[in-house]
$ cat query.tsv   # TSV, C-alpha atoms
chain	number	residue	atom	x	y	z
A	30	MET	CA	6.35	4.40	46.72
A	31	THR	CA	6.26	6.19	43.41
A	32	LYS	CA	3.28	6.35	41.11
A	33	ARG	CA	3.10	7.59	37.56
A	34	ILE	CA	0.08	9.18	35.95
A	35	PRO	CA	0.68	10.49	32.42
A	36	SER	CA	-1.01	13.79	31.69
A	37	LEU	CA	-0.30	16.98	29.80
A	38	LEU	CA	-0.56	20.63	30.73
A	39	LEU	CA	-0.67	22.46	27.45
A	40	ALA	CA	1.01	25.56	28.78
A	41	LEU	CA	3.81	23.61	30.44
A	42	LEU	CA	4.31	21.43	27.41
A	43	ALA	CA	4.80	24.52	25.30
A	44	THR	CA	7.74	25.39	27.55
A	45	GLY	CA	9.18	21.93	27.24
A	46	TYR	CA	8.31	20.05	30.39
A	47	LEU	CA	5.50	18.75	32.56
A	48	LEU	CA	5.19	18.24	36.28
A	49	VAL	CA	2.95	15.41	37.36
A	50	PHE	CA	2.34	15.57	41.10
A	51	LEU	CA	1.46	12.37	42.89
A	52	PRO	CA	0.74	11.35	46.48
A	53	GLY	CA	3.96	9.76	47.66
A	54	CYS	CA	5.05	7.85	50.75
A	55	ILE	CA	4.16	9.76	53.90
A	56	LYS	CA	7.18	9.19	56.07
A	57	ASP	CA	5.76	10.36	59.40
A	58	LYS	CA	2.30	11.79	59.88
A	59	THR	CA	3.19	13.00	63.38
A	60	THR	CA	5.84	15.39	62.16
A	61	SER	CA	5.39	18.63	60.30
A	62	THR	CA	6.80	17.35	57.02
A	63	HIS	CA	5.43	14.92	54.45
A	64	THR	CA	7.15	13.67	51.33
A	65	VAL	CA	5.42	13.59	47.96
A	66	THR	CA	6.82	12.12	44.76
A	67	TYR	CA	6.27	13.92	41.50
A	68	THR	CA	7.41	13.10	38.00
A	69	ILE	CA	8.88	15.52	35.51
A	70	MET	CA	7.81	14.37	32.07
A	71	THR	CA	9.72	16.09	29.30
A	72	PRO	CA	8.23	15.51	25.85
A	73	VAL	CA	10.47	14.90	22.88
A	74	LEU	CA	8.74	17.07	20.29
A	75	LYS	CA	8.77	16.77	16.54
A	76	SER	CA	6.85	18.70	13.93
A	77	LYS	CA	3.68	16.95	12.84
A	78	ALA	CA	4.67	17.42	9.21
A	79	ASP	CA	7.93	15.53	9.80
A	80	VAL	CA	6.14	12.78	11.71
A	81	LEU	CA	3.62	12.25	8.93
A	82	ALA	CA	6.38	12.24	6.32
A	83	ALA	CA	8.21	9.50	8.25
A	84	ILE	CA	5.22	7.22	8.75
A	85	ASN	CA	7.03	4.37	6.97
A	86	GLY	CA	9.10	3.27	9.94
A	87	ASN	CA	11.78	0.65	10.40
A	88	PRO	CA	10.30	-2.76	9.41
A	89	SER	CA	12.33	-4.43	12.16
A	90	GLU	CA	11.15	-2.02	14.85
A	91	THR	CA	10.67	-3.79	18.19
A	92	VAL	CA	7.77	-3.19	20.54
A	93	GLN	CA	7.90	-2.80	24.28
A	94	LYS	CA	4.16	-2.77	24.94
A	95	ALA	CA	1.77	-4.63	22.66
A	96	GLY	CA	-1.76	-3.25	22.53
A	97	LYS	CA	-4.80	-3.87	20.35
A	98	ILE	CA	-4.97	-6.33	17.49
A	99	TYR	CA	-6.77	-6.21	14.13
A	100	ILE	CA	-6.99	-8.89	11.45
A	101	LYS	CA	-7.76	-8.56	7.75
A	102	ASP	CA	-7.07	-11.08	5.03
A	103	LYS	CA	-3.58	-12.51	5.54
A	104	PHE	CA	-2.31	-9.63	7.70
A	105	ILE	CA	-2.26	-9.00	11.42
A	106	TYR	CA	-2.11	-5.36	12.50
A	107	LEU	CA	-0.66	-5.09	15.99
A	108	ASN	CA	-0.57	-1.83	17.90
A	109	GLU	CA	2.47	-0.86	19.92
A	110	VAL	CA	0.96	1.48	22.48
A	111	ASP	CA	1.57	5.13	21.59
A	112	LYS	CA	4.23	4.16	19.03
A	113	GLY	CA	2.59	2.74	15.92
A	114	ILE	CA	1.40	-0.37	14.11
A	115	HIS	CA	3.27	-3.54	13.21
A	116	ILE	CA	2.03	-5.20	10.00
A	117	ILE	CA	2.58	-8.94	10.14
A	118	ASP	CA	2.14	-11.38	7.26
A	119	ASN	CA	0.25	-14.34	8.68
A	120	SER	CA	-0.13	-16.39	5.47
A	121	ASP	CA	1.43	-19.26	7.43
A	122	PRO	CA	0.29	-18.99	11.09
A	123	SER	CA	3.19	-21.20	12.12
A	124	ARG	CA	5.66	-18.67	10.67
A	125	PRO	CA	4.32	-15.10	10.97
A	126	SER	CA	6.71	-12.46	9.69
A	127	GLN	CA	6.72	-8.71	10.09
A	128	VAL	CA	6.71	-6.83	6.80
A	129	ALA	CA	6.31	-3.23	7.92
A	130	PHE	CA	6.02	-0.84	10.82
A	131	LEU	CA	3.93	2.32	10.69
A	132	SER	CA	5.42	4.95	12.96
A	133	ILE	CA	2.38	6.72	14.46
A	134	PRO	CA	2.98	8.47	17.81
A	135	GLY	CA	0.01	8.26	20.14
A	136	ASN	CA	-1.57	5.34	18.29
A	137	ARG	CA	-3.99	3.06	20.17
A	138	ASP	CA	-6.60	1.90	17.64
A	139	ILE	CA	-6.76	0.31	14.19
A	140	ALA	CA	-9.44	-0.35	11.57
A	141	VAL	CA	-9.08	-1.44	7.95
A	142	LYS	CA	-11.50	-1.15	5.03
A	143	ASP	CA	-10.31	-2.54	1.70
A	144	ASN	CA	-6.81	-1.06	1.31
A	145	ILE	CA	-7.30	1.91	3.68
A	146	LEU	CA	-6.17	1.73	7.29
A	147	TYR	CA	-7.61	4.13	9.88
A	148	ALA	CA	-5.54	5.01	12.92
A	149	ASP	CA	-5.48	7.56	15.69
A	150	MET	CA	-2.43	9.77	16.13
A	151	TYR	CA	-3.20	11.30	19.49
A	152	ASN	CA	-6.18	13.53	18.68
A	153	ASP	CA	-6.08	13.11	14.88
A	154	LEU	CA	-7.73	10.42	12.75
A	155	LEU	CA	-5.54	9.30	9.85
A	156	ALA	CA	-6.56	7.47	6.66
A	157	ILE	CA	-3.60	5.54	5.24
A	158	ASP	CA	-3.32	3.73	1.92
A	159	ILE	CA	-1.70	0.36	2.65
A	160	SER	CA	-1.92	-1.12	-0.85
A	161	ASN	CA	1.84	-1.54	-0.49
A	162	PRO	CA	2.41	-2.13	3.26
A	163	LYS	CA	6.10	-1.37	2.82
A	164	LYS	CA	5.40	2.06	1.39
A	165	VAL	CA	2.16	3.54	2.67
A	166	SER	CA	0.79	7.03	2.11
A	167	ILE	CA	-1.59	9.23	4.07
A	168	THR	CA	-4.70	10.04	2.08
A	169	ASN	CA	-6.55	12.16	4.63
A	170	ARG	CA	-6.44	13.50	8.18
A	171	ILE	CA	-9.30	14.65	10.41
A	172	ALA	CA	-7.66	16.99	12.90
A	173	ASN	CA	-8.79	17.09	16.54
A	174	PHE	CA	-11.17	14.17	16.07
A	175	PHE	CA	-10.29	12.46	19.36
A	176	MET	CA	-11.19	15.27	21.74
A	177	GLY	CA	-10.56	13.24	24.87
A	178	ARG	CA	-6.83	13.02	24.15
A	179	MET	CA	-6.21	16.62	23.16
A	180	TYR	CA	-4.71	17.48	26.52
A	181	GLY	CA	-3.49	14.00	27.33
A	182	TYR	CA	-0.55	12.97	25.20
A	183	GLY	CA	-1.74	15.25	22.42
A	184	SER	CA	-0.27	17.52	19.85
A	185	ILE	CA	0.31	21.24	20.24
A	186	ASP	CA	-1.36	23.84	18.07
A	187	ASP	CA	-1.61	21.18	15.36
A	188	LYS	CA	2.09	21.72	14.60
A	189	TYR	CA	4.02	19.45	16.94
A	190	VAL	CA	3.58	16.01	18.42
A	191	ALA	CA	5.27	14.20	21.29
A	192	VAL	CA	7.20	11.25	19.85
A	193	ASP	CA	8.65	10.19	23.21
A	194	TRP	CA	8.81	11.17	26.87
A	195	ILE	CA	11.74	11.52	29.25
A	196	GLU	CA	10.76	10.94	32.88
A	197	LYS	CA	12.48	11.89	36.10
A	198	ASP	CA	11.11	11.33	39.60
A	199	THR	CA	11.74	13.83	42.39
A	200	VAL	CA	10.71	13.82	46.05
A	201	VAL	CA	9.62	17.06	47.73
A	202	ALA	CA	8.41	17.87	51.23
A	203	PHE	CA	5.22	19.63	52.33
A	204	THR	CA	4.21	20.84	55.77
A	205	ASP	CA	1.14	19.82	57.74
A	206	ARG	CA	-0.43	23.15	56.87
A	207	TYR	CA	-0.76	22.02	53.30
A	208	TYR	CA	-2.78	18.99	54.32
A	209	GLN	CA	-4.78	20.90	56.92
A	210	THR	CA	-6.01	23.38	54.33
A	211	GLY	CA	-7.34	20.51	52.24
A	212	GLY	CA	-4.82	21.07	49.47
A	213	ASP	CA	-4.68	18.44	46.76
A	214	MET	CA	-1.62	18.24	44.57
A	215	PHE	CA	-3.52	15.77	42.46
A	216	ALA	CA	-6.01	18.49	41.59
A	217	LEU	CA	-3.51	20.21	39.32
A	218	ASN	CA	-3.22	17.11	37.21
A	219	ASN	CA	-6.95	16.46	37.12
A	220	ALA	CA	-7.90	20.03	36.33
A	221	SER	CA	-5.53	20.18	33.40
A	222	SER	CA	-6.71	17.13	31.57
A	223	GLY	CA	-9.64	17.54	30.21
A	224	GLY	CA	-14.20	-8.53	17.04
A	225	ALA	CA	-16.64	-7.78	14.30
A	226	LYS	CA	-16.40	-7.70	10.52
A	227	SER	CA	-18.48	-6.68	7.52
A	228	ASN	CA	-18.15	-5.84	3.81
A	229	GLY	CA	-14.44	-5.60	3.10
A	230	ASN	CA	-13.65	-4.65	6.68
A	231	GLY	CA	-11.33	-6.54	8.98
A	232	THR	CA	-11.88	-7.99	12.44
A	233	ALA	CA	-11.24	-5.99	15.61
A	234	GLY	CA	-10.67	-7.31	19.11
A	235	SER	CA	-13.00	-6.66	22.03
A	236	MET	CA	-10.77	-3.89	23.42
A	237	ALA	CA	-11.34	-1.71	20.34
A	238	SER	CA	-12.70	1.81	20.76
A	239	MET	CA	-12.93	2.35	16.99
A	240	VAL	CA	-14.81	-0.04	14.69
A	241	LEU	CA	-16.21	-0.27	11.17
A	242	MET	CA	-19.73	-1.17	10.12
A	243	ASN	CA	-20.33	-1.18	6.39
A	244	ASP	CA	-19.58	2.34	5.16
A	245	TYR	CA	-19.18	4.01	8.55
A	246	LEU	CA	-16.53	4.21	11.22
A	247	TYR	CA	-17.67	4.56	14.84
A	248	ALA	CA	-15.13	5.79	17.38
A	249	ILE	CA	-15.15	7.03	20.96
A	250	ARG	CA	-14.13	10.68	20.58
A	251	GLU	CA	-14.06	11.36	24.32
A	252	PRO	CA	-15.42	9.40	27.32
A	253	HIS	CA	-19.07	10.29	26.65
A	254	SER	CA	-19.50	10.57	22.90
A	255	VAL	CA	-19.12	8.54	19.72
A	256	GLY	CA	-18.23	10.04	16.38
A	257	ILE	CA	-19.70	8.70	13.14
A	258	VAL	CA	-17.41	8.97	10.14
A	259	ASP	CA	-18.63	8.42	6.59
A	260	ILE	CA	-16.11	6.19	4.78
A	261	THR	CA	-18.11	5.63	1.60
A	262	ALA	CA	-15.06	7.12	-0.08
A	263	ALA	CA	-12.63	5.11	2.01
A	264	ALA	CA	-9.56	7.22	1.30
A	265	THR	CA	-11.27	10.47	2.28
A	266	PRO	CA	-13.23	9.89	5.50
A	267	ARG	CA	-15.66	12.62	6.53
A	268	LEU	CA	-17.06	13.29	10.00
A	269	ASP	CA	-20.82	12.99	9.76
A	270	THR	CA	-22.01	13.52	13.30
A	271	THR	CA	-21.26	12.97	16.98
A	272	PHE	CA	-23.74	11.72	19.56
A	273	TYR	CA	-23.76	11.43	23.34
A	274	ALA	CA	-23.62	7.68	23.94
A	275	GLY	CA	-23.08	7.06	27.65
A	276	PHE	CA	-20.77	7.64	30.57
A	277	ASP	CA	-17.06	6.72	30.79
A	278	LEU	CA	-17.07	4.83	27.49
A	279	GLU	CA	-14.19	2.45	26.81
A	280	THR	CA	-14.97	-0.09	24.08
A	281	ILE	CA	-17.22	-0.63	21.06
A	282	TYR	CA	-18.45	-3.95	19.69
A	283	PRO	CA	-20.61	-4.03	16.53
A	284	PHE	CA	-23.07	-6.84	15.91
A	285	GLU	CA	-25.32	-6.88	12.84
A	286	ASP	CA	-27.03	-3.45	12.97
A	287	LYS	CA	-26.35	-2.85	16.67
A	288	LEU	CA	-23.59	-1.24	18.70
A	289	PHE	CA	-22.66	-2.55	22.14
A	290	LEU	CA	-20.65	0.00	24.14
A	291	GLY	CA	-18.69	-0.99	27.21
A	292	SER	CA	-18.07	1.61	29.89
A	293	SER	CA	-16.64	1.65	33.39
A	294	THR	CA	-20.21	1.76	34.74
A	295	GLY	CA	-22.17	-0.52	32.42
A	296	MET	CA	-23.16	-1.49	28.89
A	297	PHE	CA	-25.05	0.72	26.43
A	298	MET	CA	-26.81	-0.63	23.33
A	299	TYR	CA	-27.83	1.23	20.18
A	300	ASP	CA	-29.84	0.40	17.08
A	301	LEU	CA	-28.17	1.47	13.82
A	302	THR	CA	-30.94	0.78	11.35
A	303	ASN	CA	-30.20	4.34	10.29
A	304	PRO	CA	-26.38	4.30	10.56
A	305	THR	CA	-26.08	8.04	11.19
A	306	SER	CA	-28.95	8.31	13.68
A	307	PRO	CA	-28.38	5.77	16.47
A	308	VAL	CA	-31.37	4.95	18.67
A	309	GLN	CA	-30.61	3.99	22.25
A	310	LEU	CA	-31.94	0.65	23.39
A	311	GLY	CA	-31.54	-0.81	26.87
A	312	THR	CA	-28.65	-0.37	29.28
A	313	PHE	CA	-27.05	-2.65	31.83
A	314	SER	CA	-25.38	-1.19	34.91
A	315	HIS	CA	-22.67	-2.71	37.06
A	316	GLY	CA	-20.10	-1.58	39.62
A	317	ARG	CA	-17.16	0.50	38.45
A	318	ALA	CA	-14.59	-1.52	36.51
A	319	CYS	CA	-12.94	-1.68	33.10
A	320	ASP	CA	-15.46	-3.30	30.82
A	321	PRO	CA	-15.12	-4.78	27.30
A	322	VAL	CA	-18.15	-6.58	25.85
A	323	VAL	CA	-18.93	-9.09	23.08
A	324	THR	CA	-22.26	-10.57	22.00
A	325	ASP	CA	-23.73	-13.33	19.88
A	326	GLY	CA	-27.10	-11.58	19.64
A	327	ALA	CA	-28.76	-13.63	22.36
A	328	TYR	CA	-26.29	-13.04	25.19
A	329	ALA	CA	-23.70	-10.40	25.95
A	330	TYR	CA	-20.50	-11.30	27.78
A	331	VAL	CA	-18.89	-8.55	29.83
A	332	THR	CA	-15.63	-8.75	31.78
A	333	LEU	CA	-15.09	-6.47	34.76
A	334	ARG	CA	-11.55	-5.74	35.88
A	335	GLY	CA	-11.02	-3.89	39.13
A	336	GLY	CA	-7.98	-2.40	40.78
A	337	THR	CA	-7.32	-0.07	37.83
A	338	SER	CA	-7.90	3.55	36.92
A	339	CYS	CA	-11.48	2.56	36.05
A	340	GLY	CA	-12.18	2.12	39.76
A	341	GLY	CA	-13.79	-0.71	41.71
A	342	ASN	CA	-12.40	-4.06	42.79
A	343	ASP	CA	-14.59	-6.58	40.96
A	344	ASN	CA	-12.89	-9.15	38.74
A	345	GLU	CA	-15.58	-11.18	37.06
A	346	LEU	CA	-17.48	-12.20	33.94
A	347	ASN	CA	-21.11	-11.14	33.61
A	348	VAL	CA	-23.39	-13.06	31.25
A	349	ILE	CA	-26.38	-10.95	30.21
A	350	ASP	CA	-29.51	-12.02	28.34
A	351	VAL	CA	-30.03	-9.47	25.53
A	352	LYS	CA	-32.77	-11.19	23.57
A	353	ASP	CA	-34.98	-8.28	24.64
A	354	LEU	CA	-32.62	-5.39	23.91
A	355	MET	CA	-34.75	-2.96	25.87
A	356	ASN	CA	-34.55	-5.09	29.02
A	357	PRO	CA	-31.17	-6.84	29.40
A	358	LEU	CA	-31.08	-9.30	32.29
A	359	LEU	CA	-28.11	-10.63	34.25
A	360	VAL	CA	-27.98	-14.41	33.89
A	361	LYS	CA	-24.94	-15.22	36.01
A	362	THR	CA	-21.65	-13.84	37.32
A	363	TYR	CA	-18.42	-15.85	37.22
A	364	PRO	CA	-15.43	-14.86	39.42
A	365	LEU	CA	-12.14	-14.27	37.60
A	366	THR	CA	-8.60	-13.12	38.37
A	367	GLY	CA	-8.03	-9.98	36.30
A	368	PRO	CA	-9.90	-10.21	32.99
A	369	THR	CA	-9.45	-8.03	29.92
A	370	GLY	CA	-10.42	-8.97	26.35
A	371	LEU	CA	-12.68	-11.80	25.23
A	372	THR	CA	-14.16	-13.35	22.09
A	373	LYS	CA	-16.71	-15.98	21.11
A	374	ASP	CA	-16.67	-18.56	18.33
A	375	GLY	CA	-19.85	-20.61	18.20
A	376	ASP	CA	-20.27	-22.21	21.63
A	377	LEU	CA	-16.68	-21.48	22.62
A	378	LEU	CA	-15.91	-18.44	24.77
A	379	PHE	CA	-12.33	-17.21	25.22
A	380	VAL	CA	-11.56	-14.86	28.13
A	381	CYS	CA	-8.18	-13.24	28.82
A	382	ASP	CA	-7.68	-13.50	32.59
A	383	GLY	CA	-4.35	-12.12	33.74
A	384	THR	CA	-2.08	-14.64	35.44
A	385	SER	CA	-4.57	-17.41	34.63
A	386	GLY	CA	-3.91	-17.08	30.89
A	387	VAL	CA	-6.85	-17.38	28.51
A	388	ARG	CA	-9.77	-19.36	29.85
A	389	LEU	CA	-11.71	-21.39	27.30
A	390	TYR	CA	-15.33	-22.14	28.16
A	391	ASP	CA	-18.09	-24.26	26.71
A	392	ALA	CA	-20.79	-21.58	26.52
A	393	SER	CA	-23.56	-23.73	25.08
A	394	ASN	CA	-25.39	-23.05	28.35
A	395	PRO	CA	-24.58	-19.44	29.28
A	396	GLY	CA	-26.02	-19.94	32.75
A	397	ALA	CA	-23.63	-22.80	33.44
A	398	LEU	CA	-20.34	-22.14	31.66
A	399	LYS	CA	-17.96	-25.06	31.72
A	400	GLN	CA	-14.25	-24.33	31.65
A	401	LEU	CA	-12.50	-26.59	29.15
A	402	GLN	CA	-8.93	-25.30	29.15
A	403	GLN	CA	-6.58	-22.57	30.31
A	404	ILE	CA	-4.45	-21.50	27.36
A	405	LYS	CA	-0.94	-20.46	28.26
A	406	SER	CA	0.05	-16.85	27.58
A	407	ASP	CA	1.89	-14.17	29.52
A	408	ALA	CA	-0.51	-11.46	30.74
A	409	PRO	CA	-2.99	-11.79	27.83
A	410	TYR	CA	-4.63	-8.52	26.81
A	411	ASP	CA	-6.95	-9.42	23.94
A	412	VAL	CA	-7.92	-12.42	21.82
A	413	ILE	CA	-9.54	-13.03	18.44
A	414	ALA	CA	-10.71	-16.55	17.58
A	415	ALA	CA	-11.96	-17.76	14.21
A	416	ASN	CA	-11.43	-20.65	11.81
A	417	LYS	CA	-10.06	-22.76	14.69
A	418	THR	CA	-7.18	-20.35	15.29
A	419	ALA	CA	-6.93	-18.14	18.37
A	420	MET	CA	-4.67	-15.07	18.22
A	421	ILE	CA	-3.70	-13.81	21.65
A	422	VAL	CA	-1.85	-10.58	22.40
A	423	GLY	CA	0.24	-11.06	25.51
A	424	LYS	CA	2.77	-9.04	27.43
A	425	ASN	CA	5.69	-10.48	25.53
A	426	GLY	CA	4.29	-11.11	22.07
A	427	LEU	CA	1.65	-12.70	19.86
A	428	TYR	CA	0.51	-16.29	20.39
A	429	GLN	CA	-1.41	-18.38	17.85
A	430	TYR	CA	-3.14	-21.59	18.89
A	431	ASN	CA	-5.08	-24.20	16.93
A	432	TYR	CA	-8.21	-25.25	18.83
A	433	SER	CA	-9.76	-27.64	16.31
A	434	ASP	CA	-9.51	-30.20	19.14
A	435	VAL	CA	-10.34	-28.42	22.39
A	436	ASN	CA	-8.85	-31.34	24.30
A	437	ASN	CA	-5.53	-30.90	22.54
A	438	ILE	CA	-4.97	-27.20	21.85
A	439	ARG	CA	-1.71	-26.75	19.93
A	440	LEU	CA	0.62	-23.78	19.87
A	441	LEU	CA	1.15	-22.84	16.22
A	442	SER	CA	3.58	-20.01	16.80
A	443	PHE	CA	4.81	-17.43	19.23
A	444	TYR	CA	5.90	-14.18	17.67
A	445	SER	CA	8.17	-12.36	20.07
A	446	LEU	CA	8.29	-8.66	19.42
A	447	LYS	CA	11.38	-8.10	21.54
A	448	LYS	CA	14.31	-9.05	19.37
$ encode --input "query.tsv" --output "structure tokens"
Amino acid sequence: MTKRIPSLLLALLATGYLLVFLPGCIKDKTTSTHTVTYTIMTPVLKSKADVLAAINGNPSETVQKAGKIYIKDKFIYLNEVDKGIHIIDNSDPSRPSQVAFLSIPGNRDIAVKDNILYADMYNDLLAIDISNPKKVSITNRIANFFMGRMYGYGSIDDKYVAVDWIEKDTVVAFTDRYYQTGGDMFALNNASSGGAKSNGNGTAGSMASMVLMNDYLYAIREPHSVGIVDITAAATPRLDTTFYAGFDLETIYPFEDKLFLGSSTGMFMYDLTNPTSPVQLGTFSHGRACDPVVTDGAYAYVTLRGGTSCGGNDNELNVIDVKDLMNPLLVKTYPLTGPTGLTKDGDLLFVCDGTSGVRLYDASNPGALKQLQQIKSDAPYDVIAANKTAMIVGKNGLYQYNYSDVNNIRLLSFYSLKK
């Protein structure tokens, strides 16, 4: 049994390699020797200046792991985890075509205001002019903005960045004395690591950890804090302030003048009447699990996914009454398989649910959801639904379905990203 946990020891990375120690298969607890698997992760380094100069990547670049999705106007912006952003022309949903690829190592999130795209490059926040998607230019960079990733897959001394990783597993043996002294190989790794739209902005999925509201960008800087970036001058974003927002934060969902934050322990809500001085409202706590959230203003819908690094084993959908934002109340819990992203369009609720595909519910009565369909997709991760078209990011590509007739949902296109 071999496990892999990506992490980065800054000192080791400077010398060109990283050892990630992991509990392996214990062959025989009655003997004096135990085997442990560790992974040597060797970063392929490149100067940050060269990386930024080569941001206009190969337009036909394929993706091995699709991540978050963002929609604005006729374009779909699809993240390839830690690699960059595919820009897809979706003028005709039955024939989407890729027009560009932005090569951004360490990228996970996307937001677009007018003709400026914001993206994370490990710990940096980039502002990119996409007026011509085939030839973009970087207009600004806020260094070390994402503090939580500085020692994860991050850059070194603001000069180099890991553009790839070479991995090699090795098995080593340890004696009983190691275990008897309470040693923990894992401790080395742990100790070293430290769908809304408005005003010219696009639409983010529920898994987003960076969103736009009017003239501000809100992003999770590290697991407990949110940074507020002034984008009044879109091409030159400026960090305004950072505030402590909760514990183990994962996702952000904006609604009107409110922020709904999903964490591995619950949901936190903030009033943004003053956009740079958030006021905390009520909170809703649940067992440990990965936790995106969406809301329609009256109810919040939260999926919990267990069996992951977030902890816990619950796989369910929580429906929460948020009409009184200071006192959110659980309405009902619905068991699921392995949920991730979700979205709501009117009385229709779409929930990505692992091997079950995307579940479509009639949510006109939140206390008695009625499942209407299960939409086929391979390991769906996130979904955005609007104008009778559902865009679903799956393991093997991007699905688009027409749901104008919920009894006869039609596949418009499947865009495979693996050529």
$ residues_around --input "query.tsv" --residues "Asp374 of chain A" --least-positions-apart "4" --cutoff "8 Å" --atoms "only C-alpha atoms" --output "PDB file with C-alpha atoms, keeping the file's coordinate frame"
ATOM      1  CA  LEU A 378     -15.910 -18.440  24.770  1.00  0.00           C
ATOM      2  CA  ALA A 414     -10.710 -16.550  17.580  1.00  0.00           C
ATOM      3  CA  ALA A 415     -11.960 -17.760  14.210  1.00  0.00           C
TER       4      ALA A 415
END
$ atom_distance --input "query.tsv" --atom1 "atom CA of Pro266 of chain A" --atom2 "atom CA of Leu290 of chain A"
22.4 Å
$ closest_residue --input "query.tsv" --among "A:Ala419, A:Pro395, A:Met176, A:Leu333" --to "Asp382 of chain A" --atoms "all atoms listed in the file"
A:Leu333
$ residues_near_point --input "query.tsv" --point "(-22.8, -19.0, 31.8)" --cutoff "10 Å" --atoms "all atoms listed in the file" --output "PDB file with C-alpha atoms, in the coordinates of the input"
ATOM      1  CA  TYR A 328     -26.290 -13.040  25.190  1.00  0.00           C
ATOM      2  CA  TYR A 330     -20.500 -11.300  27.780  1.00  0.00           C
ATOM      3  CA  LEU A 346     -17.480 -12.200  33.940  1.00  0.00           C
ATOM      4  CA  ASN A 347     -21.110 -11.140  33.610  1.00  0.00           C
ATOM      5  CA  VAL A 348     -23.390 -13.060  31.250  1.00  0.00           C
ATOM      6  CA  ILE A 349     -26.380 -10.950  30.210  1.00  0.00           C
ATOM      7  CA  VAL A 360     -27.980 -14.410  33.890  1.00  0.00           C
ATOM      8  CA  LYS A 361     -24.940 -15.220  36.010  1.00  0.00           C
ATOM      9  CA  THR A 362     -21.650 -13.840  37.320  1.00  0.00           C
ATOM     10  CA  TYR A 363     -18.420 -15.850  37.220  1.00  0.00           C
ATOM     11  CA  LEU A 378     -15.910 -18.440  24.770  1.00  0.00           C
ATOM     12  CA  TYR A 390     -15.330 -22.140  28.160  1.00  0.00           C
ATOM     13  CA  ASP A 391     -18.090 -24.260  26.710  1.00  0.00           C
ATOM     14  CA  ALA A 392     -20.790 -21.580  26.520  1.00  0.00           C
ATOM     15  CA  SER A 393     -23.560 -23.730  25.080  1.00  0.00           C
ATOM     16  CA  ASN A 394     -25.390 -23.050  28.350  1.00  0.00           C
ATOM     17  CA  PRO A 395     -24.580 -19.440  29.280  1.00  0.00           C
ATOM     18  CA  GLY A 396     -26.020 -19.940  32.750  1.00  0.00           C
ATOM     19  CA  ALA A 397     -23.630 -22.800  33.440  1.00  0.00           C
ATOM     20  CA  LEU A 398     -20.340 -22.140  31.660  1.00  0.00           C
ATOM     21  CA  LYS A 399     -17.960 -25.060  31.720  1.00  0.00           C
TER      22      LYS A 399
END
$ atom_distance --input "query.tsv" --atom1 "atom CA of Val240 of chain A" --atom2 "atom CA of Leu278 of chain A"
13.9 Å
$ residues_around --input "query.tsv" --residues "segment 129-146 of chain A" --least-positions-apart "2" --cutoff "6 Å" --atoms "all atoms listed in the file" --output "PyMOL selection string"
chain A and resi 84-88+110-116+127+148-151+156-160+163+192+229-231
$ atom_distance --input "query.tsv" --atom1 "atom CA of Asp193 of chain A" --atom2 "atom CA of Thr71 of chain A"
8.5 Å
$ residues_around --input "query.tsv" --residues "Lys103 of chain A" --least-positions-apart "4" --cutoff "8 Å" --atoms "all atoms listed in the file" --output "number ranges by chain"
A: 118-120
$ residues_around --input "query.tsv" --residues "Ala191 of chain A" --least-positions-apart "6" --cutoff "6 Å" --atoms "all atoms listed in the file" --output "PyMOL selection string"
chain A and resi 72-74
$ residues_near_point --input "query.tsv" --point "(-19.1, -8.8, 37.3)" --cutoff "12 Å" --atoms "all atoms listed in the file" --output "PyMOL selection string"
chain A and resi 293-296+313-322+330-335+341-349+359-368
$ axis_aligned_box --input "query.tsv" --around "segment 344-363 of chain A" --padding-each-side "5 Å" --output "AutoDock Vina command-line options"
--center_x -23.9 --center_y -9.4 --center_z 31.2 --size_x 32.1 --size_y 22.9 --size_z 25.2
$ residues_around --input "query.tsv" --residues "Asn436 of chain A" --least-positions-apart "3" --cutoff "10 Å" --atoms "only C-alpha atoms" --output "list in words"
Leu401, Gln402, Tyr432, Ser433 and Arg439 of chain A
$ closest_residue --input "query.tsv" --among "A:Ala264, A:Ala78, A:Ala248, A:Ala83" --to "Val190 of chain A" --atoms "all atoms listed in the file"
A:Ala78
$ closest_residue --input "query.tsv" --among "A:Leu310, A:Ala329, A:Val380, A:Leu389" --to "Met355 of chain A" --atoms "only C-alpha atoms"
A:Leu310
$ closest_residue --input "query.tsv" --among "A:Val387, A:Ser166, A:Lys94, A:Val258" --to "Lys424 of chain A" --atoms "all atoms listed in the file"
A:Lys94
$ closest_residue --input "query.tsv" --among "A:Glu251, A:Asp79, A:Glu279, A:Asp244" --to "Thr265 of chain A" --atoms "all atoms listed in the file"
A:Asp244
$ closest_residue --input "query.tsv" --among "A:Ala82, A:Met70, A:Val165, A:Leu246" --to "Ile260 of chain A" --atoms "only C-alpha atoms"
A:Leu246
